[in-house]
$ cat upload.pdb   # PDB, C-alpha atoms
MODEL        1
ATOM      1  CA  MET A 611      38.002 -27.140  66.483
ATOM      2  CA  TYR A 612      39.305 -23.965  68.083
ATOM      3  CA  ARG A 613      42.484 -24.146  66.028
ATOM      4  CA  LEU A 614      40.463 -23.903  62.837
ATOM      5  CA  PHE A 615      38.657 -20.834  64.200
ATOM      6  CA  ASP A 616      41.980 -19.263  65.211
ATOM      7  CA  TYR A 617      43.283 -19.904  61.696
ATOM      8  CA  ILE A 618      40.327 -18.127  60.077
ATOM      9  CA  PHE A 619      39.663 -15.333  62.566
ATOM     10  CA  GLY A 620      43.015 -14.865  64.275
ATOM     11  CA  ARG A 621      43.980 -14.402  67.918
ATOM     12  CA  PRO A 622      45.088 -11.274  69.746
ATOM     13  CA  LYS A 623      48.522 -10.255  68.542
ATOM     14  CA  SER A 624      51.523 -10.876  70.754
ATOM     15  CA  THR A 625      52.982  -7.751  72.318
ATOM     16  CA  LYS A 626      56.381  -9.135  71.364
ATOM     17  CA  ALA A 627      55.633  -8.902  67.654
ATOM     18  CA  ASN A 628      58.504  -7.500  65.660
ATOM     19  CA  GLU A 629      57.375  -4.772  63.268
ATOM     20  CA  LYS A 630      60.629  -3.848  61.574
ATOM     21  CA  GLY A 631      59.139  -4.391  58.125
ATOM     22  CA  ASP A 632      62.177  -6.116  56.646
ATOM     23  CA  ALA A 633      62.579  -9.824  56.040
ATOM     24  CA  GLU A 634      64.261 -10.527  59.382
ATOM     25  CA  GLY A 635      61.727  -8.418  61.261
ATOM     26  CA  GLU A 636      58.771 -10.210  59.727
ATOM     27  CA  LEU A 637      60.312 -13.518  60.725
ATOM     28  CA  GLY A 638      60.777 -12.443  64.326
ATOM     29  CA  ASP A 639      57.996 -13.621  66.646
ATOM     30  CA  GLU A 640      55.902 -16.332  65.049
ATOM     31  CA  GLY A 641      53.173 -15.889  67.679
ATOM     32  CA  THR A 642      50.264 -18.302  68.077
ATOM     33  CA  SER A 643      48.403 -17.751  64.819
ATOM     34  CA  ASP A 644      49.146 -17.915  61.120
ATOM     35  CA  THR A 645      47.325 -14.608  60.760
ATOM     36  CA  ALA A 646      49.718 -11.711  60.336
ATOM     37  CA  SER A 647      47.783  -8.520  59.680
ATOM     38  CA  ASN A 648      50.920  -6.448  60.228
ATOM     39  CA  ASP A 649      52.798  -8.449  57.602
ATOM     40  CA  LEU A 650      53.474  -6.606  54.362
ATOM     41  CA  ILE A 651      51.797  -7.373  51.059
ATOM     42  CA  GLY A 652      53.277  -7.679  47.597
ATOM     43  CA  PRO A 653      56.442  -9.498  46.484
ATOM     44  CA  LEU A 654      59.543  -9.972  48.608
ATOM     45  CA  GLU A 655      62.624 -11.397  46.906
ATOM     46  CA  PHE A 656      65.769 -12.814  48.454
ATOM     47  CA  PRO A 657      69.360 -12.734  47.185
ATOM     48  CA  ASN A 658      69.876 -15.261  44.411
ATOM     49  CA  ASP A 659      72.688 -17.034  42.618
ATOM     50  CA  CYS A 660      71.122 -16.937  39.145
ATOM     51  CA  GLY A 661      73.727 -16.338  36.469
ATOM     52  CA  GLY A 662      71.653 -13.844  34.497
ATOM     53  CA  PRO A 663      68.111 -12.801  33.525
ATOM     54  CA  ALA A 664      67.573 -16.001  31.507
ATOM     55  CA  SER A 665      69.370 -18.335  33.895
ATOM     56  CA  GLY A 666      67.831 -20.469  36.626
ATOM     57  CA  PHE A 667      64.296 -20.392  38.016
ATOM     58  CA  ASP A 668      62.045 -18.009  39.905
ATOM     59  CA  LEU A 669      60.367 -19.906  42.771
ATOM     60  CA  VAL A 670      57.259 -17.904  43.698
ATOM     61  CA  PHE A 671      55.541 -18.757  46.999
ATOM     62  CA  VAL A 672      51.899 -17.721  47.475
ATOM     63  CA  HIS A 673      50.245 -18.221  50.880
ATOM     64  CA  GLY A 674      46.640 -19.114  51.586
ATOM     65  CA  LEU A 675      43.687 -17.904  53.617
ATOM     66  CA  CYS A 676      44.655 -15.536  56.451
ATOM     67  CA  GLY A 677      48.279 -16.339  55.741
ATOM     68  CA  SER A 678      51.505 -14.384  55.605
ATOM     69  CA  ARG A 679      54.181 -14.187  52.962
ATOM     70  CA  LEU A 680      56.755 -15.255  55.547
ATOM     71  CA  LYS A 681      55.078 -16.813  58.587
ATOM     72  CA  THR A 682      53.025 -19.271  56.543
ATOM     73  CA  TRP A 683      56.299 -20.914  55.472
ATOM     74  CA  THR A 684      58.087 -20.592  58.831
ATOM     75  CA  ARG A 685      58.561 -22.875  61.831
ATOM     76  CA  ASP A 686      60.862 -22.136  64.769
ATOM     77  CA  SER A 687      62.209 -19.075  62.936
ATOM     78  CA  VAL A 688      63.201 -21.239  59.956
ATOM     79  CA  PHE A 689      61.815 -19.754  56.730
ATOM     80  CA  TRP A 690      62.421 -22.862  54.676
ATOM     81  CA  PRO A 691      62.335 -21.354  51.158
ATOM     82  CA  ARG A 692      65.387 -19.290  52.144
ATOM     83  CA  ASP A 693      67.005 -21.271  54.953
ATOM     84  CA  LEU A 694      66.652 -24.799  53.525
ATOM     85  CA  LEU A 695      65.583 -24.691  49.903
ATOM     86  CA  LYS A 696      68.215 -22.187  48.771
ATOM     87  CA  GLU A 697      70.912 -24.528  50.098
ATOM     88  CA  ASP A 698      69.474 -27.544  48.285
ATOM     89  CA  LEU A 699      68.684 -25.904  44.935
ATOM     90  CA  LYS A 700      71.176 -23.831  43.001
ATOM     91  CA  ASN A 701      70.524 -21.106  40.449
ATOM     92  CA  VAL A 702      67.144 -20.074  41.869
ATOM     93  CA  ARG A 703      65.545 -16.844  43.045
ATOM     94  CA  VAL A 704      63.056 -17.134  45.912
ATOM     95  CA  VAL A 705      60.119 -14.722  45.796
ATOM     96  CA  THR A 706      57.293 -14.793  48.331
ATOM     97  CA  TRP A 707      54.103 -12.838  47.667
ATOM     98  CA  GLY A 708      51.675 -11.499  50.251
ATOM     99  CA  TYR A 709      48.084 -10.313  49.932
ATOM    100  CA  GLY A 710      45.111  -9.545  52.194
ATOM    101  CA  THR A 711      42.971 -12.646  52.730
ATOM    102  CA  ASN A 712      41.090 -12.169  55.997
ATOM    103  CA  ILE A 713      37.504 -13.299  55.408
ATOM    104  CA  ALA A 714      36.392 -11.542  58.579
ATOM    105  CA  ASN A 715      37.593 -10.484  61.987
ATOM    106  CA  ALA A 716      35.784  -9.727  65.197
ATOM    107  CA  SER A 717      37.360  -6.269  65.452
ATOM    108  CA  THR A 718      37.931  -5.239  61.810
ATOM    109  CA  TYR A 719      36.244  -5.631  58.445
ATOM    110  CA  GLY A 720      37.324  -8.500  56.260
ATOM    111  CA  ASN A 721      39.381  -7.808  53.174
ATOM    112  CA  GLU A 722      36.872  -7.294  50.353
ATOM    113  CA  GLU A 723      39.064  -8.202  47.389
ATOM    114  CA  SER A 724      37.866 -11.045  45.157
ATOM    115  CA  LEU A 725      39.807 -13.998  43.811
ATOM    116  CA  PHE A 726      40.067 -12.186  40.477
ATOM    117  CA  GLY A 727      41.361  -9.017  42.123
ATOM    118  CA  HIS A 728      44.091 -10.909  43.957
ATOM    119  CA  ALA A 729      45.039 -12.714  40.734
ATOM    120  CA  THR A 730      45.382  -9.424  38.869
ATOM    121  CA  ALA A 731      47.510  -7.972  41.668
ATOM    122  CA  LEU A 732      49.804 -11.004  41.543
ATOM    123  CA  LEU A 733      50.258 -10.665  37.787
ATOM    124  CA  ASN A 734      51.053  -6.956  38.010
ATOM    125  CA  ASP A 735      53.517  -7.409  40.883
ATOM    126  CA  LEU A 736      55.364 -10.232  39.125
ATOM    127  CA  ALA A 737      55.471  -8.337  35.832
ATOM    128  CA  ARG A 738      57.159  -5.389  37.580
ATOM    129  CA  LEU A 739      59.540  -7.661  39.460
ATOM    130  CA  ARG A 740      60.505  -9.588  36.320
ATOM    131  CA  GLN A 741      61.211  -6.665  33.999
ATOM    132  CA  GLY A 742      64.011  -7.832  31.703
ATOM    133  CA  ILE A 743      63.937 -11.356  33.194
ATOM    134  CA  THR A 744      63.015 -14.381  31.093
ATOM    135  CA  ARG A 745      63.878 -17.298  33.384
ATOM    136  CA  PRO A 746      61.120 -19.891  34.024
ATOM    137  CA  ILE A 747      58.717 -19.635  36.959
ATOM    138  CA  ILE A 748      57.619 -22.348  39.384
ATOM    139  CA  PHE A 749      54.759 -21.454  41.726
ATOM    140  CA  ILE A 750      54.475 -23.064  45.168
ATOM    141  CA  CYS A 751      51.047 -22.366  46.653
ATOM    142  CA  HIS A 752      49.198 -23.084  49.867
ATOM    143  CA  GLY A 753      45.407 -23.385  50.082
ATOM    144  CA  LEU A 754      43.620 -20.371  48.619
ATOM    145  CA  GLY A 755      46.938 -19.235  47.143
ATOM    146  CA  GLY A 756      46.652 -22.038  44.600
ATOM    147  CA  LEU A 757      43.287 -20.707  43.438
ATOM    148  CA  VAL A 758      44.802 -17.224  43.098
ATOM    149  CA  VAL A 759      47.682 -18.596  41.016
ATOM    150  CA  LYS A 760      45.342 -20.615  38.799
ATOM    151  CA  GLN A 761      43.232 -17.538  38.125
ATOM    152  CA  ALA A 762      46.335 -15.440  37.469
ATOM    153  CA  LEU A 763      47.576 -17.945  34.875
ATOM    154  CA  ILE A 764      44.148 -18.179  33.235
ATOM    155  CA  THR A 765      44.057 -14.373  32.984
ATOM    156  CA  SER A 766      47.626 -14.242  31.680
ATOM    157  CA  ASP A 767      46.780 -16.820  29.019
ATOM    158  CA  SER A 768      43.774 -14.784  27.897
ATOM    159  CA  TYR A 769      46.007 -11.721  27.478
ATOM    160  CA  ASN A 770      48.389 -13.881  25.472
ATOM    161  CA  ALA A 771      45.597 -15.083  23.187
ATOM    162  CA  LEU A 772      44.309 -11.553  22.622
ATOM    163  CA  GLY A 773      47.749 -10.055  22.091
ATOM    164  CA  GLY A 774      47.427  -7.506  24.888
ATOM    165  CA  HIS A 775      49.315  -6.619  28.070
ATOM    166  CA  THR A 776      52.548  -8.248  26.931
ATOM    167  CA  ALA A 777      54.256  -8.148  30.334
ATOM    168  CA  LEU A 778      51.253  -9.828  31.998
ATOM    169  CA  SER A 779      50.808 -12.414  29.250
ATOM    170  CA  GLU A 780      54.433 -13.516  29.604
ATOM    171  CA  ILE A 781      53.813 -14.839  33.147
ATOM    172  CA  TYR A 782      51.787 -17.722  31.697
ATOM    173  CA  GLY A 783      54.300 -18.376  28.941
ATOM    174  CA  ARG A 784      57.213 -18.530  31.408
ATOM    175  CA  THR A 785      55.515 -20.814  33.944
ATOM    176  CA  SER A 786      57.050 -24.303  33.975
ATOM    177  CA  GLY A 787      54.982 -25.776  36.782
ATOM    178  CA  VAL A 788      52.851 -25.316  39.876
ATOM    179  CA  VAL A 789      53.036 -27.123  43.216
ATOM    180  CA  PHE A 790      49.635 -26.983  44.926
ATOM    181  CA  MET A 791      49.759 -27.698  48.672
ATOM    182  CA  GLY A 792      46.355 -28.155  50.260
ATOM    183  CA  THR A 793      44.618 -26.215  47.489
ATOM    184  CA  PRO A 794      40.810 -26.677  47.490
ATOM    185  CA  HIS A 795      40.223 -27.200  43.766
ATOM    186  CA  ARG A 796      36.619 -28.192  44.581
ATOM    187  CA  GLY A 797      36.195 -26.045  47.689
ATOM    188  CA  ILE A 798      36.920 -26.681  51.360
ATOM    189  CA  SER A 799      35.168 -29.456  53.268
ATOM    190  CA  ARG A 800      31.484 -28.984  54.042
ATOM    191  CA  GLU A 801      32.254 -29.234  57.753
ATOM    192  CA  SER A 802      34.868 -26.479  57.588
ATOM    193  CA  TYR A 803      32.634 -24.241  55.476
ATOM    194  CA  SER A 804      29.702 -24.701  57.851
ATOM    195  CA  GLN A 805      31.874 -23.875  60.857
ATOM    196  CA  ILE A 806      33.185 -20.705  59.237
ATOM    197  CA  ALA A 807      29.692 -19.544  58.267
ATOM    198  CA  ALA A 808      28.338 -20.305  61.749
ATOM    199  CA  LYS A 809      31.214 -18.447  63.399
ATOM    200  CA  ILE A 810      30.580 -15.355  61.246
ATOM    201  CA  ALA A 811      26.886 -15.426  62.164
ATOM    202  CA  LYS A 812      27.653 -15.860  65.868
ATOM    203  CA  LEU A 813      30.049 -12.915  65.891
ATOM    204  CA  SER A 814      27.508 -10.790  63.994
ATOM    205  CA  LEU A 815      30.182  -9.618  61.588
ATOM    206  CA  ASP A 816      28.804  -6.896  59.339
ATOM    207  CA  ARG A 817      31.088  -7.154  56.348
ATOM    208  CA  PRO A 818      32.674 -10.557  55.782
ATOM    209  CA  ASN A 819      34.301 -11.126  52.401
ATOM    210  CA  ASP A 820      31.407 -12.726  50.542
ATOM    211  CA  HIS A 821      33.531 -13.057  47.394
ATOM    212  CA  LEU A 822      36.029 -15.411  49.009
ATOM    213  CA  LEU A 823      33.349 -17.219  51.028
ATOM    214  CA  GLU A 824      31.479 -18.074  47.834
ATOM    215  CA  THR A 825      34.696 -19.157  46.137
ATOM    216  CA  LEU A 826      35.534 -21.587  48.952
ATOM    217  CA  ARG A 827      32.049 -23.123  49.076
ATOM    218  CA  PRO A 828      32.079 -26.865  48.308
ATOM    219  CA  ASP A 829      31.431 -27.495  44.602
ATOM    220  CA  SER A 830      31.437 -23.763  43.898
ATOM    221  CA  ASP A 831      30.437 -22.802  40.349
ATOM    222  CA  ILE A 832      33.405 -20.426  40.318
ATOM    223  CA  LEU A 833      35.797 -23.270  41.024
ATOM    224  CA  ASP A 834      34.114 -25.590  38.523
ATOM    225  CA  LYS A 835      34.692 -23.042  35.758
ATOM    226  CA  GLN A 836      38.229 -22.303  36.955
ATOM    227  CA  ARG A 837      39.134 -25.993  37.069
ATOM    228  CA  GLU A 838      37.899 -26.475  33.516
ATOM    229  CA  ASP A 839      39.824 -23.431  32.240
ATOM    230  CA  PHE A 840      43.018 -24.309  34.072
ATOM    231  CA  THR A 841      42.996 -27.913  32.871
ATOM    232  CA  ARG A 842      42.826 -26.593  29.320
ATOM    233  CA  ILE A 843      45.725 -24.126  29.638
ATOM    234  CA  SER A 844      48.036 -26.287  31.758
ATOM    235  CA  LYS A 845      48.623 -29.114  29.278
ATOM    236  CA  GLU A 846      52.289 -28.187  28.918
ATOM    237  CA  MET A 847      52.899 -27.487  32.621
ATOM    238  CA  ALA A 848      54.106 -29.849  35.318
ATOM    239  CA  ILE A 849      51.425 -29.883  38.013
ATOM    240  CA  VAL A 850      51.766 -31.293  41.538
ATOM    241  CA  CYS A 851      48.861 -31.631  43.986
ATOM    242  CA  ILE A 852      49.847 -32.337  47.609
ATOM    243  CA  ARG A 853      47.174 -33.050  50.211
ATOM    244  CA  GLU A 854      47.125 -32.886  54.001
ATOM    245  CA  GLU A 855      46.873 -36.211  55.838
ATOM    246  CA  LEU A 856      45.907 -34.942  59.320
ATOM    247  CA  PRO A 857      42.819 -32.976  60.404
ATOM    248  CA  THR A 858      42.857 -29.428  61.726
ATOM    249  CA  GLY A 859      40.908 -29.948  64.931
ATOM    250  CA  VAL A 860      38.635 -32.797  63.869
ATOM    251  CA  VAL A 861      38.213 -32.104  60.156
ATOM    252  CA  LEU A 862      40.329 -32.090  57.028
ATOM    253  CA  VAL A 863      40.092 -28.491  55.794
ATOM    254  CA  VAL A 864      40.728 -29.670  52.236
ATOM    255  CA  PRO A 865      39.606 -33.293  51.716
ATOM    256  CA  GLU A 866      41.494 -35.588  49.378
ATOM    257  CA  ALA A 867      38.895 -35.306  46.607
ATOM    258  CA  SER A 868      39.313 -31.527  46.531
ATOM    259  CA  ALA A 869      43.103 -31.396  46.937
ATOM    260  CA  SER A 870      43.681 -32.794  43.438
ATOM    261  CA  TYR A 871      41.995 -32.729  40.059
ATOM    262  CA  ASP A 872      41.982 -34.642  36.799
ATOM    263  CA  GLY A 873      44.276 -33.029  34.287
ATOM    264  CA  PHE A 874      47.316 -33.377  32.061
ATOM    265  CA  ASN A 875      50.666 -34.218  33.637
ATOM    266  CA  VAL A 876      49.330 -34.054  37.223
ATOM    267  CA  ALA A 877      51.354 -35.741  39.986
ATOM    268  CA  CYS A 878      49.783 -36.294  43.404
ATOM    269  CA  GLY A 879      51.297 -36.638  46.870
ATOM    270  CA  ALA A 880      50.649 -36.140  50.571
ATOM    271  CA  ILE A 881      52.321 -34.691  53.644
ATOM    272  CA  HIS A 882      51.650 -36.132  57.104
ATOM    273  CA  ALA A 883      50.486 -32.886  58.700
ATOM    274  CA  ASN A 884      47.364 -30.769  59.048
ATOM    275  CA  HIS A 885      46.401 -27.979  56.679
ATOM    276  CA  MET A 886      48.423 -25.277  58.449
ATOM    277  CA  ASP A 887      51.501 -27.323  59.296
ATOM    278  CA  MET A 888      51.895 -28.992  55.907
ATOM    279  CA  VAL A 889      53.867 -25.959  54.621
ATOM    280  CA  LYS A 890      56.014 -25.373  57.718
ATOM    281  CA  PHE A 891      59.399 -27.106  57.914
ATOM    282  CA  ALA A 892      62.158 -26.430  60.447
ATOM    283  CA  THR A 893      64.317 -29.380  59.326
ATOM    284  CA  ARG A 894      64.789 -31.566  56.291
ATOM    285  CA  ASP A 895      62.123 -33.973  57.444
ATOM    286  CA  ARG A 896      60.040 -36.277  55.267
ATOM    287  CA  GLY A 897      57.518 -33.564  54.410
ATOM    288  CA  TYR A 898      60.219 -31.118  53.343
ATOM    289  CA  ASN A 899      61.983 -33.724  51.232
ATOM    290  CA  ARG A 900      58.738 -34.578  49.462
ATOM    291  CA  ALA A 901      58.138 -30.922  48.607
ATOM    292  CA  LEU A 902      61.782 -30.518  47.550
ATOM    293  CA  GLY A 903      61.573 -33.603  45.339
ATOM    294  CA  HIS A 904      58.536 -32.284  43.479
ATOM    295  CA  ILE A 905      60.143 -28.884  42.882
ATOM    296  CA  ARG A 906      63.359 -30.527  41.726
ATOM    297  CA  ASN A 907      61.459 -32.773  39.308
ATOM    298  CA  ILE A 908      59.850 -29.738  37.671
ATOM    299  CA  MET A 909      63.239 -28.053  37.357
ATOM    300  CA  ASP A 910      64.883 -31.182  35.900
ATOM    301  CA  ALA A 911      62.106 -31.597  33.335
ATOM    302  CA  LYS A 912      62.722 -28.057  32.073
ATOM    303  CA  LEU A 913      66.510 -28.408  31.791
TER     304      LEU A 913
ENDMDL
END

$ encode --input "upload.pdb" --output "structure tokens"
Amino acid sequence: MYRLFDYIFGRPKSTKANEKGDAEGELGDEGTSDTASNDLIGPLEFPNDCGGPASGFDLVFVHGLCGSRLKTWTRDSVFWPRDLLKEDLKNVRVVTWGYGTNIANASTYGNEESLFGHATALLNDLARLRQGITRPIIFICHGLGGLVVKQALITSDSYNALGGHTALSEIYGRTSGVVFMGTPHRGISRESYSQIAAKIAKLSLDRPNDHLLETLRPDSDILDKQREDFTRISKEMAIVCIREELPTGVVLVVPEASASYDGFNVACGAIHANHMDMVKFATRDRGYNRALGHIRNIMDAKL
């Protein structure tokens, strides 16, 4: 159970943490927690072999709760989107996006941004990054990151329908598919939610992020509405829902019923790992190859 608490609330930072601020620096000391409050936010792109602004794919990685744009996807200093995926897929640009998602912390206030605020920030950052670029987008999301991406695409579609914010509306139009990894489409498990709420009460935290807490609640009205809207707008997208097979502590953070949803063109899969480890690959193991296969299928369907 303690590992779940560490995931949500963090542990003291290692004194060995590398704070260079560049990609290599952020990948330095992985520490003992997925929380990386000193990690930078916004988009970080890596060198690509795309032949031009319309060639290839943008692979956009979005981390989850208390995650990091680099450490979430890293094991043993291997940042697999760059170190493995770029070798296995040609003509792609890897972009990883970071945002503040701490619900609460014993020593600092939780980030107060809502799901909608994060989604808007993602749209604006991608629009700036993709100026003059028309290549398709594939999102790869972990946990809460999937909810952020869904809301971003719903918002982008609404701009498209209303004929406003052209750069933001194009994100939806250019999206070929989304790979959801451990995304709680119907909220996290009741056990996990109860533990988080009890921990906040025990620590007497004054300002937890109520917006995100409400979003993650099992059978949240916010998620019900989002799921309905996203199912409607994603008819032409390739959707993949991957669930965790192992518990974090003694519970599945995102149970099977929440890790997928009924929709058009939805493929489902699983990775034999817990919620945190299901997106960390140091080698081309079975989990990595499953994720790679799903991404490749989306790319092949677009070509």

$ resolve_selection --input "upload.pdb" --expression "the PyMOL selection byres ((chain A and resi 867) around 10)" --output "PDB file with C-alpha atoms, in the frame of the given file"
ATOM      1  CA  PRO A 794      40.810 -26.677  47.490  1.00  0.00           C
ATOM      2  CA  HIS A 795      40.223 -27.200  43.766  1.00  0.00           C
ATOM      3  CA  ARG A 796      36.619 -28.192  44.581  1.00  0.00           C
ATOM      4  CA  GLY A 797      36.195 -26.045  47.689  1.00  0.00           C
ATOM      5  CA  SER A 799      35.168 -29.456  53.268  1.00  0.00           C
ATOM      6  CA  ARG A 853      47.174 -33.050  50.211  1.00  0.00           C
ATOM      7  CA  VAL A 864      40.728 -29.670  52.236  1.00  0.00           C
ATOM      8  CA  PRO A 865      39.606 -33.293  51.716  1.00  0.00           C
ATOM      9  CA  GLU A 866      41.494 -35.588  49.378  1.00  0.00           C
ATOM     10  CA  SER A 868      39.313 -31.527  46.531  1.00  0.00           C
ATOM     11  CA  ALA A 869      43.103 -31.396  46.937  1.00  0.00           C
ATOM     12  CA  SER A 870      43.681 -32.794  43.438  1.00  0.00           C
ATOM     13  CA  TYR A 871      41.995 -32.729  40.059  1.00  0.00           C
TER      14      TYR A 871
END

$ closest_atom_pairs --input "upload.pdb" --of "range 660-700 of chain A" --to "range 908-912 of chain A" --cutoff "12 Å" --atoms "all atoms listed in the file" --output "Markdown table"
| residue | atom | partner | partner_atom | distance |
| --- | --- | --- | --- | --- |
| A:Ser665 | CA | A:Lys912 | CA | 11.9 |
| A:Gly666 | CA | A:Met909 | CA | 8.9 |
| A:Phe667 | CA | A:Met909 | CA | 7.8 |
| A:Asp668 | CA | A:Met909 | CA | 10.4 |
| A:Leu669 | CA | A:Met909 | CA | 10.2 |
| A:Leu699 | CA | A:Met909 | CA | 9.6 |
| A:Lys700 | CA | A:Met909 | CA | 10.6 |

$ residues_around --input "upload.pdb" --residues "Gly873 in chain A" --least-positions-apart "2" --cutoff "9 Å" --atoms "all atoms listed in the file" --output "PDB file with C-alpha atoms, in the coordinates of the input"
ATOM      1  CA  PHE A 840      43.018 -24.309  34.072  1.00  0.00           C
ATOM      2  CA  THR A 841      42.996 -27.913  32.871  1.00  0.00           C
ATOM      3  CA  ARG A 842      42.826 -26.593  29.320  1.00  0.00           C
ATOM      4  CA  SER A 844      48.036 -26.287  31.758  1.00  0.00           C
ATOM      5  CA  LYS A 845      48.623 -29.114  29.278  1.00  0.00           C
ATOM      6  CA  ILE A 849      51.425 -29.883  38.013  1.00  0.00           C
ATOM      7  CA  TYR A 871      41.995 -32.729  40.059  1.00  0.00           C
ATOM      8  CA  ASN A 875      50.666 -34.218  33.637  1.00  0.00           C
ATOM      9  CA  VAL A 876      49.330 -34.054  37.223  1.00  0.00           C
TER      10      VAL A 876
END

$ resolve_selection --input "upload.pdb" --expression "the PyMOL selection byres ((chain A and resi 786) around 7)" --output "PyMOL selection string"
chain A and resi 746-748+784-785+787+847-848

$ residues_around --input "upload.pdb" --residues "Gly727 in chain A" --least-positions-apart "2" --cutoff "12 Å" --atoms "only C-alpha atoms" --output "PyMOL selection string"
chain A and resi 709-711+721-725+729-734+757-759+761-762+765+821-822

$ resolve_selection --input "upload.pdb" --expression "the PyMOL selection byres ((chain A and resi 651) around 8)" --output "PyMOL selection string"
chain A and resi 649-650+652-653+679+707-710

$ closest_residue --input "upload.pdb" --among "A:Arg703, A:Arg800, A:Arg906, A:His752" --to "Lys890 in chain A" --atoms "only C-alpha atoms"
A:His752

$ atom_distance --input "upload.pdb" --atom1 "CA of Pro657 in chain A" --atom2 "CA of Asn701 in chain A"
10.8 Å

$ axis_aligned_box --input "upload.pdb" --around "range 695-700 of chain A" --padding-each-side "8 Å" --output "JSON"
{"center_x": 68.4, "center_y": -24.9, "center_z": 46.5, "size_x": 21.6, "size_y": 21.4, "size_z": 23.1}

$ atom_distance --input "upload.pdb" --atom1 "CA of Asp887 in chain A" --atom2 "CA of Val705 in chain A"
20.4 Å

$ closest_residue --input "upload.pdb" --among "A:Val670, A:Ile905, A:Val788, A:Val704" --to "Asp735 in chain A" --atoms "all atoms listed in the file"
A:Val670

$ residues_around --input "upload.pdb" --residues "Arg692 in chain A" --least-positions-apart "4" --cutoff "8 Å" --atoms "only C-alpha atoms" --output "PyMOL selection string"
chain A and resi 656+696-697+704

$ write_last_selection --input "upload.pdb" --atoms "C-alpha atoms" --output "PDB file, in the frame of the given file"
ATOM      1  CA  PHE A 656      65.769 -12.814  48.454  1.00  0.00           C
ATOM      2  CA  LYS A 696      68.215 -22.187  48.771  1.00  0.00           C
ATOM      3  CA  GLU A 697      70.912 -24.528  50.098  1.00  0.00           C
ATOM      4  CA  VAL A 704      63.056 -17.134  45.912  1.00  0.00           C
TER       5      VAL A 704
END

$ residues_around --input "upload.pdb" --residues "Glu855 in chain A" --least-positions-apart "2" --cutoff "9 Å" --atoms "all atoms listed in the file" --output "ChimeraX atom specification"
/A:853,857,862,865-866,880-885,888

$ build_atoms --input "upload.pdb" --residues "range 849-859 of chain A" --atoms "N, CA, C and O atoms" --output "PDB file, in the coordinates of the input"
ATOM      1  N   ILE A 849      52.325 -30.221  36.908  1.00  0.00           N
ATOM      2  CA  ILE A 849      51.425 -29.883  38.013  1.00  0.00           C
ATOM      3  C   ILE A 849      51.579 -30.907  39.128  1.00  0.00           C
ATOM      4  O   ILE A 849      51.596 -32.122  38.879  1.00  0.00           O
ATOM      5  N   VAL A 850      51.689 -30.426  40.363  1.00  0.00           N
ATOM      6  CA  VAL A 850      51.766 -31.293  41.538  1.00  0.00           C
ATOM      7  C   VAL A 850      50.668 -30.895  42.511  1.00  0.00           C
ATOM      8  O   VAL A 850      50.493 -29.713  42.812  1.00  0.00           O
ATOM      9  N   CYS A 851      49.907 -31.864  42.993  1.00  0.00           N
ATOM     10  CA  CYS A 851      48.861 -31.631  43.986  1.00  0.00           C
ATOM     11  C   CYS A 851      49.203 -32.412  45.251  1.00  0.00           C
ATOM     12  O   CYS A 851      49.225 -33.648  45.233  1.00  0.00           O
ATOM     13  N   ILE A 852      49.488 -31.706  46.339  1.00  0.00           N
ATOM     14  CA  ILE A 852      49.847 -32.337  47.609  1.00  0.00           C
ATOM     15  C   ILE A 852      48.718 -32.105  48.605  1.00  0.00           C
ATOM     16  O   ILE A 852      48.258 -30.974  48.789  1.00  0.00           O
ATOM     17  N   ARG A 853      48.277 -33.156  49.256  1.00  0.00           N
ATOM     18  CA  ARG A 853      47.174 -33.050  50.211  1.00  0.00           C
ATOM     19  C   ARG A 853      47.666 -33.205  51.643  1.00  0.00           C
ATOM     20  O   ARG A 853      48.731 -33.765  51.902  1.00  0.00           O
ATOM     21  N   GLU A 854      46.873 -32.703  52.573  1.00  0.00           N
ATOM     22  CA  GLU A 854      47.125 -32.886  54.001  1.00  0.00           C
ATOM     23  C   GLU A 854      46.615 -34.246  54.435  1.00  0.00           C
ATOM     24  O   GLU A 854      45.588 -34.722  53.922  1.00  0.00           O
ATOM     25  N   GLU A 855      47.311 -34.895  55.360  1.00  0.00           N
ATOM     26  CA  GLU A 855      46.873 -36.211  55.838  1.00  0.00           C
ATOM     27  C   GLU A 855      46.215 -36.142  57.215  1.00  0.00           C
ATOM     28  O   GLU A 855      45.522 -37.078  57.608  1.00  0.00           O
ATOM     29  N   LEU A 856      46.435 -35.058  57.957  1.00  0.00           N
ATOM     30  CA  LEU A 856      45.907 -34.942  59.320  1.00  0.00           C
ATOM     31  C   LEU A 856      44.850 -33.845  59.400  1.00  0.00           C
ATOM     32  O   LEU A 856      44.936 -32.839  58.684  1.00  0.00           O
ATOM     33  N   PRO A 857      43.865 -33.995  60.267  1.00  0.00           N
ATOM     34  CA  PRO A 857      42.819 -32.976  60.404  1.00  0.00           C
ATOM     35  C   PRO A 857      43.318 -31.748  61.166  1.00  0.00           C
ATOM     36  O   PRO A 857      44.263 -31.827  61.945  1.00  0.00           O
ATOM     37  N   THR A 858      42.667 -30.631  60.920  1.00  0.00           N
ATOM     38  CA  THR A 858      42.857 -29.428  61.726  1.00  0.00           C
ATOM     39  C   THR A 858      41.707 -29.419  62.718  1.00  0.00           C
ATOM     40  O   THR A 858      40.560 -29.189  62.337  1.00  0.00           O
ATOM     41  N   GLY A 859      41.985 -29.679  63.988  1.00  0.00           N
ATOM     42  CA  GLY A 859      40.908 -29.948  64.931  1.00  0.00           C
ATOM     43  C   GLY A 859      40.400 -31.360  64.683  1.00  0.00           C
ATOM     44  O   GLY A 859      41.115 -32.328  64.918  1.00  0.00           O
TER      45      GLY A 859
END
